[in-house]
$ cat final26.pdb   # PDB, C-alpha atoms
ATOM      1  CA  MET A   1      17.712 -32.595 -20.670
ATOM      2  CA  ASP A   2      15.190 -29.849 -21.336
ATOM      3  CA  ARG A   3      16.280 -28.570 -24.749
ATOM      4  CA  SER A   4      14.486 -25.249 -24.208
ATOM      5  CA  LYS A   5      17.280 -24.441 -21.742
ATOM      6  CA  VAL A   6      19.980 -24.902 -24.389
ATOM      7  CA  ALA A   7      21.288 -22.166 -26.672
ATOM      8  CA  ILE A   8      23.703 -22.458 -29.564
ATOM      9  CA  VAL A   9      25.751 -19.357 -30.337
ATOM     10  CA  ILE A  10      26.919 -19.002 -33.933
ATOM     11  CA  PRO A  11      29.569 -16.303 -34.419
ATOM     12  CA  ALA A  12      29.336 -15.179 -38.033
ATOM     13  CA  PHE A  13      31.344 -12.807 -40.198
ATOM     14  CA  ASN A  14      30.396 -12.634 -43.883
ATOM     15  CA  GLU A  15      28.805 -16.088 -43.872
ATOM     16  CA  ALA A  16      25.767 -15.316 -46.078
ATOM     17  CA  GLN A  17      26.631 -18.289 -48.280
ATOM     18  CA  THR A  18      26.471 -20.848 -45.441
ATOM     19  CA  ILE A  19      24.465 -19.453 -42.511
ATOM     20  CA  GLN A  20      21.059 -20.736 -43.634
ATOM     21  CA  ALA A  21      22.349 -24.257 -44.293
ATOM     22  CA  VAL A  22      23.968 -24.349 -40.853
ATOM     23  CA  ILE A  23      20.759 -23.145 -39.174
ATOM     24  CA  ASN A  24      18.667 -25.653 -41.148
ATOM     25  CA  GLU A  25      20.913 -28.528 -40.169
ATOM     26  CA  LEU A  26      20.847 -27.536 -36.510
ATOM     27  CA  ASN A  27      17.056 -27.171 -36.553
ATOM     28  CA  ASP A  28      16.655 -30.549 -38.249
ATOM     29  CA  LYS A  29      18.778 -32.390 -35.712
ATOM     30  CA  LEU A  30      18.286 -30.309 -32.568
ATOM     31  CA  MET A  31      14.665 -29.229 -32.446
ATOM     32  CA  ASP A  32      13.664 -26.987 -29.536
ATOM     33  CA  VAL A  33      17.172 -25.586 -29.092
ATOM     34  CA  ASP A  34      17.490 -21.818 -29.418
ATOM     35  CA  ILE A  35      19.965 -20.460 -31.937
ATOM     36  CA  ILE A  36      21.656 -17.102 -31.449
ATOM     37  CA  VAL A  37      23.618 -15.758 -34.415
ATOM     38  CA  VAL A  38      26.130 -13.056 -33.577
ATOM     39  CA  ASP A  39      26.701 -11.078 -36.752
ATOM     40  CA  ASP A  40      30.209  -9.728 -36.290
ATOM     41  CA  GLY A  41      29.909  -6.629 -38.465
ATOM     42  CA  SER A  42      29.381  -8.493 -41.736
ATOM     43  CA  SER A  43      29.280  -6.524 -44.969
ATOM     44  CA  ASP A  44      27.113  -9.139 -46.680
ATOM     45  CA  GLU A  45      23.599 -10.450 -45.967
ATOM     46  CA  THR A  46      24.561 -12.716 -43.059
ATOM     47  CA  ALA A  47      22.254 -11.038 -40.521
ATOM     48  CA  ALA A  48      19.303 -10.771 -42.910
ATOM     49  CA  LYS A  49      19.574 -14.414 -43.962
ATOM     50  CA  ALA A  50      19.738 -15.537 -40.333
ATOM     51  CA  ARG A  51      16.689 -13.419 -39.435
ATOM     52  CA  GLU A  52      14.789 -15.003 -42.340
ATOM     53  CA  MET A  53      15.328 -18.323 -40.563
ATOM     54  CA  GLY A  54      13.583 -17.009 -37.441
ATOM     55  CA  VAL A  55      16.568 -17.147 -35.109
ATOM     56  CA  LYS A  56      17.748 -14.433 -32.750
ATOM     57  CA  VAL A  57      20.399 -12.213 -34.319
ATOM     58  CA  VAL A  58      22.694 -10.040 -32.243
ATOM     59  CA  SER A  59      24.554  -7.569 -34.460
ATOM     60  CA  GLN A  60      27.870  -5.932 -33.712
ATOM     61  CA  ASP A  61      28.481  -2.539 -35.304
ATOM     62  CA  ARG A  62      31.865  -3.612 -36.674
ATOM     63  CA  ASN A  63      34.028  -6.704 -36.911
ATOM     64  CA  ARG A  64      35.404  -7.353 -33.448
ATOM     65  CA  GLY A  65      36.761 -10.850 -34.028
ATOM     66  CA  TYR A  66      35.754 -14.428 -33.387
ATOM     67  CA  SER A  67      36.332 -14.454 -29.618
ATOM     68  CA  GLU A  68      34.442 -11.223 -29.071
ATOM     69  CA  ALA A  69      31.499 -12.533 -31.105
ATOM     70  CA  ILE A  70      31.385 -15.679 -28.967
ATOM     71  CA  ASN A  71      31.609 -13.601 -25.789
ATOM     72  CA  ARG A  72      28.780 -11.382 -26.993
ATOM     73  CA  GLY A  73      26.595 -14.416 -27.676
ATOM     74  CA  PHE A  74      27.343 -15.942 -24.281
ATOM     75  CA  THR A  75      26.608 -12.618 -22.580
ATOM     76  CA  TYR A  76      23.302 -12.334 -24.429
ATOM     77  CA  ALA A  77      22.349 -15.885 -23.400
ATOM     78  CA  ALA A  78      23.343 -15.313 -19.760
ATOM     79  CA  GLU A  79      21.481 -12.010 -19.530
ATOM     80  CA  SER A  80      18.330 -13.592 -20.900
ATOM     81  CA  GLY A  81      18.168 -15.819 -17.826
ATOM     82  CA  LYS A  82      16.585 -18.535 -19.953
ATOM     83  CA  TYR A  83      19.462 -20.921 -20.592
ATOM     84  CA  GLU A  84      21.331 -23.406 -18.430
ATOM     85  CA  TYR A  85      23.628 -24.540 -21.239
ATOM     86  CA  VAL A  86      25.278 -22.614 -24.040
ATOM     87  CA  THR A  87      27.624 -23.923 -26.713
ATOM     88  CA  THR A  88      28.949 -22.701 -30.051
ATOM     89  CA  VAL A  89      28.913 -23.885 -33.638
ATOM     90  CA  ASP A  90      30.815 -22.205 -36.461
ATOM     91  CA  ALA A  91      28.851 -20.509 -39.238
ATOM     92  CA  ASP A  92      30.846 -22.120 -42.034
ATOM     93  CA  GLY A  93      29.438 -25.589 -41.434
ATOM     94  CA  GLN A  94      32.637 -27.189 -40.169
ATOM     95  CA  HIS A  95      31.017 -28.445 -36.949
ATOM     96  CA  ASP A  96      28.756 -31.465 -37.108
ATOM     97  CA  PRO A  97      25.411 -30.840 -35.326
ATOM     98  CA  GLU A  98      25.619 -34.426 -34.094
ATOM     99  CA  SER A  99      28.441 -33.309 -31.787
ATOM    100  CA  VAL A 100      26.075 -30.832 -30.150
ATOM    101  CA  LEU A 101      23.448 -33.543 -29.842
ATOM    102  CA  SER A 102      26.009 -35.730 -28.059
ATOM    103  CA  LEU A 103      26.777 -32.886 -25.699
ATOM    104  CA  ILE A 104      23.105 -32.401 -24.862
ATOM    105  CA  HIS A 105      22.736 -36.066 -23.943
ATOM    106  CA  ILE A 106      25.708 -36.101 -21.547
TER     107      ILE A 106
END

$ encode --input "final26.pdb" --output "structure tokens"
Amino acid sequence: MDRSKVAIVIPAFNEAQTIQAVINELNDKLMDVDIIVVDDGSSDETAAKAREMGVKVVSQDRNRGYSEAINRGFTYAAESGKYEYVTTVDADGQHDPESVLSLIHI
């Protein structure tokens, strides 16, 4: 599979403590996959820390909830016209990037 056609949406609300580690782990294991962080109105440095990592950050003006953040990320990916596959990973590190790798190889 062409990994440049894969996007990972990370919904994030006040995840400044974990967002960079999650992005690093995804980049280490899933090179050439685009990462889209949806900052769901965080009051901490979540968006800034994600931008420092060089990923796309879509910011919501206020907290709209987990589902809405995922929907916003999927909408952004669809409107870009670049991706054939989009999946999600949580910003707190609970999802193993290996599971995404398995999905890509299906």

$ residues_near_point --input "final26.pdb" --point "(25.2, -17.9, -50.4)" --cutoff "12 Å" --atoms "all atoms listed in the file" --output "PyMOL selection string"
chain A and resi 14-22+44-46+48-50+92

$ closest_residue --input "final26.pdb" --among "A:Leu103, A:Ala77, A:Val38, A:Val55" --to "Ile23 (chain A)" --atoms "only C-alpha atoms"
A:Val55

$ resolve_selection --input "final26.pdb" --expression "the PyMOL selection byres ((chain A and resi 33) around 6)" --output "list in words"
Arg3, Ser4, Val6, Ala7, Leu30, Met31, Asp32 and Asp34 of chain A

$ residues_around --input "final26.pdb" --residues "Ile70 (chain A)" --least-positions-apart "2" --cutoff "9 Å" --atoms "all atoms listed in the file" --output "compact mmCIF listing (two decimals) with C-alpha atoms, in the frame of the given file"
# COMPACT_ATOMS: atom_id res chain seq x y z
CA VAL A 9 25.75 -19.36 -30.34
CA ILE A 10 26.92 -19.00 -33.93
CA PRO A 11 29.57 -16.30 -34.42
CA VAL A 38 26.13 -13.06 -33.58
CA GLY A 65 36.76 -10.85 -34.03
CA TYR A 66 35.75 -14.43 -33.39
CA SER A 67 36.33 -14.45 -29.62
CA GLU A 68 34.44 -11.22 -29.07
CA ARG A 72 28.78 -11.38 -26.99
CA GLY A 73 26.60 -14.42 -27.68
CA PHE A 74 27.34 -15.94 -24.28
CA THR A 75 26.61 -12.62 -22.58
CA THR A 88 28.95 -22.70 -30.05

$ atom_distance --input "final26.pdb" --atom1 "CA of Arg51 (chain A)" --atom2 "CA of Asp39 (chain A)"
10.6 Å

$ atom_distance --input "final26.pdb" --atom1 "CA of Val100 (chain A)" --atom2 "CA of Val37 (chain A)"
15.9 Å

$ closest_residue --input "final26.pdb" --among "A:Lys5, A:Gln94, A:Ser59, A:Ala78" --to "Ala47 (chain A)" --atoms "all atoms listed in the file"
A:Ser59

$ closest_residue --input "final26.pdb" --among "A:Lys29, A:Asp96, A:Ile36, A:Lys82" --to "Gly54 (chain A)" --atoms "all atoms listed in the file"
A:Ile36

$ atom_distance --input "final26.pdb" --atom1 "CA of Tyr85 (chain A)" --atom2 "CA of Glu52 (chain A)"
24.8 Å

$ closest_residue --input "final26.pdb" --among "A:Ser80, A:Glu25, A:Ala12, A:Lys56" --to "Asp40 (chain A)" --atoms "all atoms listed in the file"
A:Ala12

$ closest_residue --input "final26.pdb" --among "A:Ile8, A:Ala69, A:Leu26, A:Met53" --to "Gly93 (chain A)" --atoms "all atoms listed in the file"
A:Leu26

$ closest_residue --input "final26.pdb" --among "A:Glu98, A:Asn71, A:Asn24, A:Gln60" --to "Val86 (chain A)" --atoms "all atoms listed in the file"
A:Asn71
